[in-house]
$ cat start_12.txt   # compact mmCIF, C-alpha atoms and all ligand atoms
# COMPACT_ATOMS: atom_id res chain seq x y z
CA MET A 1 -219.03 -67.63 56.00
CA THR A 2 -219.87 -67.62 52.29
CA ARG A 3 -220.03 -70.45 49.79
CA VAL A 4 -219.63 -69.65 46.08
CA SER A 5 -220.17 -72.33 43.44
CA VAL A 6 -218.24 -72.57 40.21
CA ASP A 7 -220.91 -74.05 37.95
CA LEU A 8 -218.85 -76.02 35.49
CA ALA A 9 -220.60 -78.78 33.57
CA GLY A 10 -219.17 -82.08 34.77
CA ALA A 11 -216.94 -80.68 37.51
CA PRO A 12 -218.68 -78.05 39.63
CA TYR A 13 -216.91 -77.10 42.85
CA ASP A 14 -217.29 -74.82 45.83
CA ILE A 15 -215.23 -71.98 47.18
CA LEU A 16 -215.71 -71.46 50.89
CA ILE A 17 -214.73 -68.03 52.22
CA ALA A 18 -214.67 -68.38 55.98
CA PRO A 19 -212.74 -66.19 58.44
CA GLY A 20 -211.10 -68.49 60.97
CA ALA A 21 -211.39 -71.59 58.74
CA PHE A 22 -207.72 -72.37 59.29
CA ASP A 23 -208.38 -72.61 63.06
CA ASP A 24 -210.88 -75.35 62.32
CA ILE A 25 -209.09 -76.96 59.40
CA GLY A 26 -209.74 -80.60 60.31
CA THR A 27 -213.51 -80.14 59.98
CA HIS A 28 -213.14 -78.56 56.53
CA LEU A 29 -210.65 -81.08 55.15
CA ALA A 30 -211.70 -84.37 56.79
CA GLY A 31 -213.65 -85.37 53.68
CA TYR A 32 -210.54 -85.08 51.51
CA ALA A 33 -208.25 -87.34 53.59
CA ARG A 34 -207.54 -90.98 52.66
CA ALA A 35 -206.80 -93.48 55.42
CA GLY A 36 -206.29 -90.60 57.88
CA ARG A 37 -203.67 -88.86 55.73
CA LEU A 38 -203.47 -85.73 53.57
CA ILE A 39 -200.58 -84.89 51.27
CA GLY A 40 -199.78 -81.46 49.98
CA VAL A 41 -197.40 -78.76 48.92
CA THR A 42 -196.37 -75.48 50.50
CA ASP A 43 -193.46 -73.03 50.47
CA GLU A 44 -190.93 -72.18 53.15
CA GLY A 45 -192.55 -68.84 54.05
CA VAL A 46 -196.06 -70.25 54.41
CA ALA A 47 -194.76 -73.29 56.30
CA ALA A 48 -193.13 -71.00 58.88
CA HIS A 49 -196.54 -69.48 59.72
CA TRP A 50 -199.05 -72.24 59.08
CA LEU A 51 -197.50 -75.69 59.17
CA GLU A 52 -197.74 -76.30 62.92
CA PRO A 53 -201.26 -74.82 63.41
CA LEU A 54 -202.56 -76.81 60.44
CA LYS A 55 -200.91 -80.04 61.58
CA GLN A 56 -202.43 -79.59 65.03
CA GLY A 57 -205.87 -78.79 63.60
CA LEU A 58 -205.76 -81.91 61.45
CA ALA A 59 -204.38 -84.07 64.26
CA ALA A 60 -207.44 -83.08 66.31
CA CYS A 61 -209.45 -84.93 63.63
CA ASP A 62 -206.97 -87.85 63.51
CA ILE A 63 -205.49 -86.76 60.17
CA THR A 64 -201.75 -86.59 59.50
CA LEU A 65 -200.34 -84.07 57.04
CA ASP A 66 -197.37 -84.90 54.82
CA LEU A 67 -196.10 -81.75 53.06
CA PHE A 68 -193.58 -81.15 50.26
CA THR A 69 -191.94 -77.74 50.73
CA VAL A 70 -190.64 -75.63 47.84
CA PRO A 71 -188.57 -72.43 48.08
CA GLN A 72 -190.45 -69.11 48.03
CA GLY A 73 -190.76 -67.34 44.69
CA GLU A 74 -191.35 -67.94 40.98
CA GLY A 75 -188.27 -70.20 40.78
CA ALA A 76 -190.39 -73.08 42.11
CA LYS A 77 -192.59 -72.97 38.98
CA SER A 78 -189.89 -74.83 37.06
CA TRP A 79 -189.24 -78.20 35.40
CA THR A 80 -186.83 -78.96 38.26
CA TRP A 81 -189.37 -78.48 41.03
CA LEU A 82 -192.16 -80.10 39.01
CA GLU A 83 -189.99 -83.22 38.59
CA ARG A 84 -189.05 -83.26 42.29
CA LEU A 85 -192.68 -82.85 43.30
CA LEU A 86 -193.90 -85.59 40.95
CA ASP A 87 -191.19 -87.97 42.21
CA TRP A 88 -192.20 -87.16 45.78
CA LEU A 89 -195.92 -87.70 45.07
CA LEU A 90 -195.25 -91.03 43.36
CA ASP A 91 -192.94 -92.05 46.19
CA ARG A 92 -195.75 -91.27 48.63
CA GLY A 93 -198.05 -93.55 46.65
CA VAL A 94 -200.38 -90.83 45.38
CA GLU A 95 -203.60 -92.19 43.87
CA ARG A 96 -206.01 -90.61 41.40
CA GLY A 97 -208.67 -90.33 44.08
CA ASP A 98 -206.35 -88.40 46.40
CA HIS A 99 -206.79 -84.68 46.98
CA ILE A 100 -203.40 -82.97 46.93
CA LEU A 101 -203.43 -79.78 49.01
CA ALA A 102 -201.92 -76.57 47.63
CA LEU A 103 -201.18 -74.45 50.70
CA GLY A 104 -199.73 -71.14 49.61
CA GLY A 105 -199.82 -68.35 47.06
CA GLY A 106 -200.04 -68.43 43.28
CA VAL A 107 -196.72 -70.21 42.78
CA VAL A 108 -197.66 -73.14 45.02
CA GLY A 109 -201.17 -73.30 43.52
CA ASP A 110 -199.94 -73.27 39.90
CA LEU A 111 -197.21 -75.87 40.52
CA THR A 112 -199.40 -78.19 42.60
CA GLY A 113 -202.32 -77.91 40.19
CA PHE A 114 -200.12 -78.82 37.24
CA ALA A 115 -198.53 -81.75 39.10
CA ALA A 116 -202.04 -82.92 40.06
CA ALA A 117 -203.12 -82.64 36.39
CA ILE A 118 -200.40 -85.00 35.18
CA ALA A 119 -199.59 -87.34 38.11
CA LYS A 120 -201.20 -90.71 37.33
CA ARG A 121 -202.88 -88.85 34.39
CA GLY A 122 -204.80 -86.67 36.80
CA CYS A 123 -205.41 -86.47 40.55
CA ASN A 124 -207.72 -84.19 42.52
CA PHE A 125 -206.42 -81.13 44.29
CA VAL A 126 -207.65 -78.63 46.86
CA GLN A 127 -206.57 -74.99 47.00
CA LEU A 128 -205.84 -73.34 50.36
CA PRO A 129 -204.69 -69.91 49.10
CA THR A 130 -202.72 -67.81 51.57
CA SER A 131 -201.99 -64.68 49.50
CA LEU A 132 -204.64 -62.16 48.48
CA LEU A 133 -203.72 -62.62 44.83
CA ALA A 134 -204.25 -66.37 45.07
CA GLN A 135 -207.49 -65.92 47.03
CA VAL A 136 -209.10 -63.58 44.50
CA ASP A 137 -207.61 -64.89 41.28
CA SER A 138 -205.23 -67.80 40.80
CA SER A 139 -206.84 -70.38 43.13
CA VAL A 140 -210.12 -70.16 41.21
CA GLY A 141 -210.58 -71.28 37.63
CA GLY A 142 -208.12 -74.10 37.10
CA LYS A 143 -205.25 -72.40 35.28
CA THR A 144 -202.11 -74.30 36.27
CA ALA A 145 -198.60 -73.92 34.84
CA ILE A 146 -194.86 -73.71 35.23
CA ASN A 147 -192.45 -71.24 33.62
CA THR A 148 -189.82 -72.29 31.06
CA GLY A 149 -186.85 -70.60 29.40
CA ALA A 150 -189.25 -69.34 26.72
CA GLY A 151 -191.50 -67.48 29.18
CA LYS A 152 -193.98 -67.47 32.01
CA ASN A 153 -196.85 -69.99 32.31
CA LEU A 154 -196.06 -71.47 28.89
CA VAL A 155 -196.40 -75.12 29.97
CA GLY A 156 -199.51 -76.06 31.91
CA ALA A 157 -203.05 -77.37 31.88
CA PHE A 158 -206.58 -76.36 32.72
CA HIS A 159 -207.24 -78.51 35.79
CA GLN A 160 -209.96 -77.44 38.20
CA PRO A 161 -209.58 -77.91 41.97
CA ALA A 162 -212.17 -79.99 43.82
CA PHE A 163 -212.55 -77.36 46.54
CA VAL A 164 -211.11 -73.94 47.44
CA LEU A 165 -210.95 -72.88 51.09
CA ILE A 166 -210.22 -69.20 51.72
CA ASP A 167 -209.56 -67.83 55.20
CA PRO A 168 -209.36 -64.01 55.01
CA LYS A 169 -207.71 -64.02 58.46
CA VAL A 170 -204.49 -65.46 57.01
CA LEU A 171 -203.91 -62.11 55.27
CA ALA A 172 -202.83 -60.76 58.67
CA THR A 173 -199.40 -62.40 58.15
CA LEU A 174 -199.03 -61.40 54.48
CA PRO A 175 -196.31 -58.80 53.74
CA ALA A 176 -197.86 -55.38 52.99
CA ARG A 177 -196.38 -55.27 49.49
CA GLU A 178 -198.03 -58.58 48.57
CA LEU A 179 -201.33 -57.40 50.03
CA ARG A 180 -201.19 -54.32 47.78
CA ALA A 181 -200.30 -56.48 44.76
CA GLY A 182 -203.35 -58.68 45.41
CA TRP A 183 -205.55 -55.60 45.84
CA ALA A 184 -204.77 -54.66 42.22
CA GLU A 185 -206.55 -57.86 41.16
CA VAL A 186 -209.53 -56.98 43.39
CA VAL A 187 -209.81 -53.54 41.77
CA LYS A 188 -209.55 -55.26 38.38
CA TYR A 189 -212.99 -56.84 38.80
CA GLY A 190 -214.52 -53.39 39.25
CA LEU A 191 -212.70 -52.00 36.24
CA ILE A 192 -213.74 -54.96 34.05
CA ASP A 193 -217.51 -54.80 34.34
CA ASP A 194 -218.70 -53.56 37.72
CA ALA A 195 -218.53 -49.78 38.20
CA ASP A 196 -220.42 -50.08 41.52
CA PHE A 197 -217.77 -52.44 42.89
CA PHE A 198 -215.05 -50.06 41.72
CA ALA A 199 -216.77 -47.27 43.69
CA TRP A 200 -216.99 -49.67 46.69
CA CYS A 201 -213.22 -50.21 46.40
CA GLU A 202 -212.69 -46.44 46.40
CA ASP A 203 -214.85 -46.08 49.52
CA ASN A 204 -213.37 -49.07 51.41
CA ARG A 205 -209.69 -49.09 50.42
CA ALA A 206 -208.51 -47.56 53.69
CA ALA A 207 -210.55 -49.99 55.83
CA PHE A 208 -209.31 -52.91 53.75
CA PHE A 209 -205.67 -52.00 54.34
CA ALA A 210 -206.33 -51.20 58.00
CA GLY A 211 -207.29 -54.87 58.42
CA ASP A 212 -211.09 -54.61 58.71
CA LEU A 213 -212.05 -58.30 58.45
CA ALA A 214 -215.65 -57.68 57.28
CA ILE A 215 -214.40 -55.43 54.47
CA ARG A 216 -211.74 -57.99 53.50
CA GLN A 217 -214.38 -60.73 53.46
CA THR A 218 -216.64 -58.63 51.20
CA ALA A 219 -213.78 -57.73 48.83
CA ILE A 220 -212.75 -61.37 48.46
CA GLU A 221 -216.35 -62.52 48.06
CA LYS A 222 -217.12 -59.96 45.34
CA ALA A 223 -213.94 -60.85 43.48
CA VAL A 224 -214.47 -64.61 43.77
CA ARG A 225 -218.12 -64.36 42.66
CA ALA A 226 -217.04 -62.36 39.60
CA LYS A 227 -214.31 -64.83 38.74
CA ALA A 228 -216.57 -67.88 39.30
CA ARG A 229 -219.20 -66.38 36.97
CA ILE A 230 -216.67 -65.64 34.24
CA VAL A 231 -214.96 -69.05 34.52
CA ALA A 232 -218.32 -70.86 34.39
CA GLU A 233 -219.12 -68.96 31.19
CA ASP A 234 -215.81 -69.56 29.42
CA GLU A 235 -213.71 -72.16 31.25
CA ARG A 236 -210.95 -72.45 28.63
CA GLU A 237 -210.84 -68.85 27.41
CA THR A 238 -212.33 -69.70 24.05
CA THR A 239 -215.21 -67.20 23.68
CA GLY A 240 -213.42 -64.06 24.82
CA VAL A 241 -215.33 -63.74 28.12
CA ARG A 242 -212.54 -65.17 30.31
CA ALA A 243 -210.04 -63.03 28.38
CA LEU A 244 -211.57 -60.01 30.18
CA LEU A 245 -209.69 -61.23 33.28
CA ASN A 246 -206.50 -60.31 31.45
CA LEU A 247 -207.17 -56.56 31.80
CA GLY A 248 -203.78 -54.91 32.33
CA HIS A 249 -201.94 -58.16 31.68
CA THR A 250 -200.58 -57.43 28.18
CA PHE A 251 -198.93 -54.17 29.24
CA GLY A 252 -198.16 -55.78 32.60
CA HIS A 253 -196.50 -58.81 31.00
CA ALA A 254 -194.17 -56.49 29.07
CA LEU A 255 -193.27 -54.69 32.32
CA GLU A 256 -192.64 -58.01 34.09
CA ALA A 257 -190.42 -59.17 31.21
CA GLU A 258 -188.53 -55.85 31.32
CA THR A 259 -187.90 -56.30 35.05
CA GLY A 260 -186.88 -59.95 34.58
CA PHE A 261 -189.98 -61.43 36.29
CA SER A 262 -188.22 -60.54 39.52
CA LYS A 263 -189.04 -58.96 42.87
CA ARG A 264 -188.38 -55.58 41.20
CA LEU A 265 -192.02 -55.78 40.10
CA LEU A 266 -194.55 -58.23 41.52
CA HIS A 267 -197.22 -59.62 39.19
CA GLY A 268 -200.00 -57.61 40.86
CA GLU A 269 -197.91 -54.45 40.65
CA ALA A 270 -197.37 -55.07 36.92
CA VAL A 271 -201.14 -55.59 36.52
CA ALA A 272 -201.81 -52.28 38.34
CA ALA A 273 -199.49 -50.34 36.03
CA GLY A 274 -200.81 -52.37 33.07
CA MET A 275 -204.43 -51.44 33.87
CA ALA A 276 -203.52 -47.74 34.20
CA LEU A 277 -201.73 -47.98 30.83
CA ALA A 278 -204.66 -49.85 29.21
CA PHE A 279 -207.03 -47.08 30.33
CA ARG A 280 -204.70 -44.30 29.13
CA TYR A 281 -204.15 -46.14 25.85
CA SER A 282 -207.95 -46.29 25.46
CA VAL A 283 -208.02 -42.49 26.01
CA HIS A 284 -205.23 -42.13 23.42
CA ARG A 285 -207.45 -44.00 20.93
CA GLY A 286 -210.31 -41.64 21.70
CA GLU A 287 -212.45 -44.44 23.17
CA CYS A 288 -212.47 -43.66 26.91
CA PRO A 289 -213.11 -40.45 28.87
CA ALA A 290 -209.85 -39.13 30.35
CA GLU A 291 -211.52 -38.71 33.76
CA ASP A 292 -212.21 -42.47 33.95
CA ALA A 293 -208.53 -43.23 33.28
CA GLN A 294 -207.57 -40.69 35.97
CA ARG A 295 -210.02 -42.24 38.42
CA ALA A 296 -208.65 -45.75 37.80
CA ALA A 297 -205.06 -44.57 38.27
CA ALA A 298 -205.99 -42.50 41.35
CA LEU A 299 -207.35 -45.53 43.23
CA LEU A 300 -204.31 -47.63 42.34
CA SER A 301 -201.93 -44.80 43.29
CA ALA A 302 -203.74 -44.28 46.59
CA SER A 303 -203.12 -48.01 47.20
CA ALA A 304 -199.37 -47.39 46.72
CA LEU A 305 -199.34 -49.33 43.45
CA PRO A 306 -197.36 -48.25 40.35
CA VAL A 307 -199.29 -46.55 37.53
CA THR A 308 -196.51 -45.23 35.26
CA LEU A 309 -193.57 -46.80 33.43
CA LEU A 310 -191.18 -45.06 35.81
CA GLU A 311 -193.03 -46.31 38.90
CA ALA A 312 -193.04 -49.81 37.38
CA ASP A 313 -189.25 -49.63 37.07
CA SER A 314 -189.58 -50.05 33.30
CA ASP A 315 -188.67 -46.71 31.76
CA THR A 316 -187.58 -48.12 28.42
CA ASP A 317 -188.60 -47.32 24.84
CA GLY A 318 -191.94 -48.41 23.41
CA ALA A 319 -190.39 -50.73 20.79
CA THR A 320 -188.64 -52.77 23.50
CA LEU A 321 -191.83 -53.14 25.51
CA VAL A 322 -193.83 -54.09 22.41
CA ASP A 323 -191.16 -56.64 21.58
CA HIS A 324 -191.80 -58.28 24.97
CA MET A 325 -195.54 -58.33 24.11
CA ARG A 326 -194.82 -60.26 20.90
CA HIS A 327 -193.73 -63.20 23.08
CA ASP A 328 -197.09 -63.21 24.86
CA LYS A 329 -198.84 -66.61 24.58
CA LYS A 330 -201.99 -64.81 23.43
CA MET A 331 -200.32 -63.78 20.12
CA ALA A 332 -202.43 -65.27 17.31
CA GLY A 333 -201.74 -64.88 13.60
CA GLY A 334 -199.30 -62.01 14.23
CA THR A 335 -201.79 -59.94 16.25
CA LEU A 336 -202.27 -59.58 19.97
CA PRO A 337 -205.73 -59.22 21.53
CA PHE A 338 -205.79 -56.20 23.88
CA LEU A 339 -208.15 -55.45 26.76
CA LEU A 340 -209.23 -51.83 26.39
CA ALA A 341 -211.82 -49.73 28.22
CA ARG A 342 -214.70 -47.50 27.23
CA GLY A 343 -214.90 -46.39 30.86
CA ILE A 344 -214.84 -47.76 34.41
CA GLY A 345 -216.57 -51.16 34.29
CA GLN A 346 -216.61 -51.23 30.48
CA THR A 347 -213.70 -53.37 29.38
CA TRP A 348 -213.70 -54.93 25.92
CA LEU A 349 -211.43 -57.14 23.83
CA ALA A 350 -209.86 -55.37 20.85
CA LYS A 351 -208.47 -57.73 18.22
CA ASN A 352 -206.77 -55.44 15.70
CA VAL A 353 -204.56 -53.17 17.75
CA ASP A 354 -201.64 -51.69 15.81
CA LEU A 355 -198.54 -52.58 17.84
CA ASN A 356 -196.63 -49.65 16.26
CA ASP A 357 -199.27 -47.32 17.68
CA VAL A 358 -198.86 -49.00 21.09
CA ALA A 359 -195.10 -48.39 20.86
CA ARG A 360 -195.66 -44.68 20.05
CA PHE A 361 -198.09 -44.40 22.98
CA LEU A 362 -195.53 -46.02 25.33
CA ASP A 363 -192.81 -43.64 24.12
CA ALA A 364 -195.08 -40.73 25.05
CA GLU A 365 -195.76 -42.37 28.44
CA ARG A 366 -192.05 -42.09 29.32
CA ALA A 367 -192.55 -38.35 29.84
CA ARG A 368 -195.11 -39.01 32.60
N1 LIG B 401 -205.94 -64.93 35.85
C1 LIG B 401 -206.69 -64.98 34.66
C2 LIG B 401 -207.55 -66.19 34.55
O1 LIG B 401 -207.65 -66.96 35.49
O2 LIG B 401 -208.14 -66.38 33.51

$ encode --input "start_12.txt" --output "C-alpha cells" --more "lines below"
Ligand code: GLY
Amino acid sequence: MTRVSVDLAGAPYDILIAPGAFDDIGTHLAGYARAGRLIGVTDEGVAAHWLEPLKQGLAACDITLDLFTVPQGEGAKSWTWLERLLDWLLDRGVERGDHILALGGGVVGDLTGFAAAIAKRGCNFVQLPTSLLAQVDSSVGGKTAINTGAGKNLVGAFHQPAFVLIDPKVLATLPARELRAGWAEVVKYGLIDDADFFAWCEDNRAAFFAGDLAIRQTAIEKAVRAKARIVAEDERETTGVRALLNLGHTFGHALEAETGFSKRLLHGEAVAAGMALAFRYSVHRGECPAEDAQRAAALLSASALPVTLLEADSDTDGATLVDHMRHDKKMAGGTLPFLLARGIGQTWLAKNVDLNDVARFLDAERAR
C-alpha cells in the first residue's frame, strides 16, 4: 500500500494505491459517509462488475450506497447527462459537505467532478478510478469537464477531489484494449522527464500485461507520483509545467477529431500515436536523435498501440489534421503550443511552431 500526497496550498489530498482496497471499501470510505449514506456515480459497465461487491463492503460498515448510473462511453460527458446528474443530486439532498463518489473511468470522473464543482456552488468528491487511464492520469489533478458540440472538454472546471483510492486489482476486469490505452499514459511519464522510468517500462511491459500485480502497483505509483508533483507545481496549467502532461495530445487530438472521438480510436491510443508523431516531428526539426524516436515508437508498438497515421485510422492529408488542431483549446493568439522532445525524458514546450511545417511533416508521414 502506498500513499502519495498532492501538495496543493489550501487543498492538499491523498492518493492511496492499495491492491485489494475494493475488498475492504467500507474501512477506506467510512470517513466520507454522512448519516450512514454515500452517494455517487458510475457507468453501466463498472456497475456490472463492482456495484454488488462495493455495496456489500459498505454495508459491512453500516453504510448504504446510492448510485446514479450513466451509459458507458464519452456520450455521458454531455449537457444532457450533466443536467440529469445535477437534478438527481439535488433530489437526493446533496450538501456541500458531502463527498460524491466517482466510481469508474475518465468519463465518470470528469462528469462527476464537474457536477461536484457546480452543485450547490461546490461539493466534495472522491475518485475511485477503475480504468488504468483514470488511475494514472484523469483521477489526479482536478481537471473536470464535459464535451459540447464545439469540442471535447471545452466546458469544465478545475476542482480537486478530496481523496483518490486506487485498487490495481480492479484492472483484472478491464478490457485488454483499454489496458493498453492506459499504458500509453504510463509510458508518457517516462518520455516527459524520466528516462530511467521509460527504461523500466521497456523492461517490465511484458510482466505488466501478464498481470503481475507488483509491477502494476509500481507502474501506477511512479505515474501518480509524477503527476502529483507536476500538479502541485502548476495546478492550473499557467506556468507551462503542467502542459508537459499534454505530450502527444496535440497530434492525438487531431487524430481523435479525425476519427470522430469514437471507439475507432481510444484517447490513450491517440496519445500513443501522438507521442510517436511528436518525437518524429522533433527529429524532422533536427532537435531529437532519430534513435530516441525509434525507441519511443518501438515500446508503444510492442504494447500493440498505434504509432503511425495509418495505424491510428487517420490517413488523411496534413492540412486536414492541422485544421483539427486549430480547434484545440490551447490555441492562443493564433499559435498552438507544442510538446516536442530533445530525447527520451527531455520534453519541452515549443511556442512558435509553424503549422504549415506540421502539415508538410504529416503529409510525409502518410507514406509510413
Ligand atoms: N491530463 C493532463 C492533465 O491532467 O493536465

$ closest_residue --input "start_12.txt" --among "A:Gly345, A:Gly40, A:Gly248, A:Gly10" --to "ligand LIG 401 (chain B)" --atoms "all atoms listed in the file"
A:Gly248

$ atom_distance --input "start_12.txt" --atom1 "atom CA of Leu165 of chain A" --atom2 "atom CA of Leu29 of chain A"
9.2 Å

$ residues_around --input "start_12.txt" --residues "Leu310 of chain A" --least-positions-apart "6" --cutoff "10 Å" --atoms "only C-alpha atoms" --output "list in words"
Ala273, Thr316, Glu365, Arg366, Ala367 and Arg368 of chain A

$ residues_near_ligand --input "start_12.txt" --ligand "ligand LIG 401 (chain B)" --cutoff "10 Å" --atoms "only C-alpha atoms and all ligand atoms" --output "PDB file with C-alpha atoms, in the frame of the given file"
ATOM      1  CA  LEU A 133    -203.720 -62.620  44.830  1.00  0.00           C
ATOM      2  CA  ALA A 134    -204.250 -66.370  45.070  1.00  0.00           C
ATOM      3  CA  VAL A 136    -209.100 -63.580  44.500  1.00  0.00           C
ATOM      4  CA  ASP A 137    -207.610 -64.890  41.280  1.00  0.00           C
ATOM      5  CA  SER A 138    -205.230 -67.800  40.800  1.00  0.00           C
ATOM      6  CA  SER A 139    -206.840 -70.380  43.130  1.00  0.00           C
ATOM      7  CA  VAL A 140    -210.120 -70.160  41.210  1.00  0.00           C
ATOM      8  CA  GLY A 141    -210.580 -71.280  37.630  1.00  0.00           C
ATOM      9  CA  GLY A 142    -208.120 -74.100  37.100  1.00  0.00           C
ATOM     10  CA  LYS A 143    -205.250 -72.400  35.280  1.00  0.00           C
ATOM     11  CA  THR A 144    -202.110 -74.300  36.270  1.00  0.00           C
ATOM     12  CA  PHE A 158    -206.580 -76.360  32.720  1.00  0.00           C
ATOM     13  CA  GLU A 185    -206.550 -57.860  41.160  1.00  0.00           C
ATOM     14  CA  LYS A 227    -214.310 -64.830  38.740  1.00  0.00           C
ATOM     15  CA  ALA A 228    -216.570 -67.880  39.300  1.00  0.00           C
ATOM     16  CA  ILE A 230    -216.670 -65.640  34.240  1.00  0.00           C
ATOM     17  CA  VAL A 231    -214.960 -69.050  34.520  1.00  0.00           C
ATOM     18  CA  ASP A 234    -215.810 -69.560  29.420  1.00  0.00           C
ATOM     19  CA  GLU A 235    -213.710 -72.160  31.250  1.00  0.00           C
ATOM     20  CA  ARG A 236    -210.950 -72.450  28.630  1.00  0.00           C
ATOM     21  CA  GLU A 237    -210.840 -68.850  27.410  1.00  0.00           C
ATOM     22  CA  VAL A 241    -215.330 -63.740  28.120  1.00  0.00           C
ATOM     23  CA  ARG A 242    -212.540 -65.170  30.310  1.00  0.00           C
ATOM     24  CA  ALA A 243    -210.040 -63.030  28.380  1.00  0.00           C
ATOM     25  CA  LEU A 244    -211.570 -60.010  30.180  1.00  0.00           C
ATOM     26  CA  LEU A 245    -209.690 -61.230  33.280  1.00  0.00           C
ATOM     27  CA  ASN A 246    -206.500 -60.310  31.450  1.00  0.00           C
ATOM     28  CA  LEU A 247    -207.170 -56.560  31.800  1.00  0.00           C
ATOM     29  CA  HIS A 249    -201.940 -58.160  31.680  1.00  0.00           C
TER      30      HIS A 249
END

$ closest_residue --input "start_12.txt" --among "A:Arg205, A:Ala119, A:Leu90, A:Gly268" --to "Glu178 of chain A" --atoms "all atoms listed in the file"
A:Gly268

$ atom_distance --input "start_12.txt" --atom1 "atom CA of Ile39 of chain A" --atom2 "atom CA of Gly182 of chain A"
27.0 Å

$ atom_distance --input "start_12.txt" --atom1 "atom CA of Lys55 of chain A" --atom2 "atom CA of Arg180 of chain A"
29.2 Å

$ closest_residue --input "start_12.txt" --among "A:Ala304, A:Leu277, A:Leu340, A:Leu213" --to "Ala184 of chain A" --atoms "only C-alpha atoms"
A:Ala304

$ residues_around --input "start_12.txt" --residues "Asp98 of chain A" --least-positions-apart "4" --cutoff "9 Å" --atoms "all atoms listed in the file" --output "PyMOL selection string"
chain A and resi 32-34+38-39+94+123-125

$ closest_residue --input "start_12.txt" --among "A:Ala35, A:Val46, A:Met325, A:Ala296" --to "Gly97 of chain A" --atoms "all atoms listed in the file"
A:Ala35

$ closest_residue --input "start_12.txt" --among "A:Asn204, A:Gln160, A:Thr130, A:Asn356" --to "Ala172 of chain A" --atoms "all atoms listed in the file"
A:Thr130

$ residues_near_point --input "start_12.txt" --point "(-189.6, -51.1, 31.8)" --cutoff "6 Å" --atoms "only C-alpha atoms" --output "list in words"
Leu255, Glu258, Asp313, Ser314, Asp315 and Thr316 of chain A

$ residues_near_point --input "start_12.txt" --point "(-208.9, -56.9, 19.9)" --cutoff "10 Å" --atoms "only C-alpha atoms" --output "short mmCIF file (atom, residue, chain, number, x, y, z; two decimals) with C-alpha atoms, in the frame of the given file"
data_model
loop_
_atom_site.label_atom_id
_atom_site.label_comp_id
_atom_site.auth_asym_id
_atom_site.auth_seq_id
_atom_site.Cartn_x
_atom_site.Cartn_y
_atom_site.Cartn_z
CA GLY A 240 -213.42 -64.06 24.82
CA THR A 335 -201.79 -59.94 16.25
CA LEU A 336 -202.27 -59.58 19.97
CA PRO A 337 -205.73 -59.22 21.53
CA PHE A 338 -205.79 -56.20 23.88
CA LEU A 339 -208.15 -55.45 26.76
CA LEU A 340 -209.23 -51.83 26.39
CA TRP A 348 -213.70 -54.93 25.92
CA LEU A 349 -211.43 -57.14 23.83
CA ALA A 350 -209.86 -55.37 20.85
CA LYS A 351 -208.47 -57.73 18.22
CA ASN A 352 -206.77 -55.44 15.70
CA VAL A 353 -204.56 -53.17 17.75
CA ASP A 354 -201.64 -51.69 15.81
#

$ residues_around --input "start_12.txt" --residues "Gln56 of chain A" --least-positions-apart "5" --cutoff "12 Å" --atoms "all atoms listed in the file" --output "NGL selection string"
:A and (22-26 or 50-51 or 61-65)

$ closest_residue --input "start_12.txt" --among "A:Ala272, A:Ala145, A:Ala312, A:Ala290" --to "Leu191 of chain A" --atoms "only C-alpha atoms"
A:Ala272

$ residues_around --input "start_12.txt" --residues "Lys263 of chain A" --least-positions-apart "2" --cutoff "12 Å" --atoms "all atoms listed in the file" --output "list in words"
Gln72, Gly73, Glu74, Gly75, Arg177, Glu178, Ala181, Glu256, Ala257, Glu258, Thr259, Gly260, Phe261, Leu265, Leu266, His267, Gly268, Glu269, Ala270, Ala312 and Asp313 of chain A

$ residues_around --input "start_12.txt" --residues "Val155 of chain A" --least-positions-apart "4" --cutoff "8 Å" --atoms "only C-alpha atoms" --output "PyMOL selection string"
chain A and resi 145-148

$ decode --input "start_12.txt" --residues "segment 327-334 of chain A" --atoms "N, CA, C and O atoms" --output "CSV table (one decimal), in the first residue's frame"
chain,number,residue,atom,x,y,z
A,327,HIS,N,-8.7,23.9,-33.7
A,327,HIS,CA,-9.8,24.0,-32.7
A,327,HIS,C,-9.4,23.6,-31.3
A,327,HIS,O,-10.3,23.5,-30.4
A,328,ASP,N,-8.1,23.3,-31.1
A,328,ASP,CA,-7.7,22.9,-29.8
A,328,ASP,C,-7.8,24.0,-28.8
A,328,ASP,O,-7.6,25.2,-29.2
A,329,LYS,N,-8.3,23.7,-27.6
A,329,LYS,CA,-8.5,24.8,-26.6
A,329,LYS,C,-7.2,25.5,-26.2
A,329,LYS,O,-7.2,26.5,-25.5
A,330,LYS,N,-6.0,24.9,-26.5
A,330,LYS,CA,-4.8,25.5,-26.2
A,330,LYS,C,-4.3,26.6,-27.2
A,330,LYS,O,-3.3,27.3,-26.9
A,331,MET,N,-5.1,26.7,-28.3
A,331,MET,CA,-4.7,27.8,-29.3
A,331,MET,C,-4.7,29.1,-28.5
A,331,MET,O,-5.6,29.5,-27.8
A,332,ALA,N,-3.7,29.9,-28.7
A,332,ALA,CA,-3.6,31.3,-28.1
A,332,ALA,C,-3.0,32.2,-29.1
A,332,ALA,O,-1.8,32.0,-29.5
A,333,GLY,N,-3.7,33.3,-29.4
A,333,GLY,CA,-3.2,34.3,-30.3
A,333,GLY,C,-2.8,33.7,-31.6
A,333,GLY,O,-1.8,34.2,-32.2
A,334,GLY,N,-3.5,32.7,-32.1
A,334,GLY,CA,-3.3,32.2,-33.5
A,334,GLY,C,-2.1,31.2,-33.5
A,334,GLY,O,-1.8,30.6,-34.5
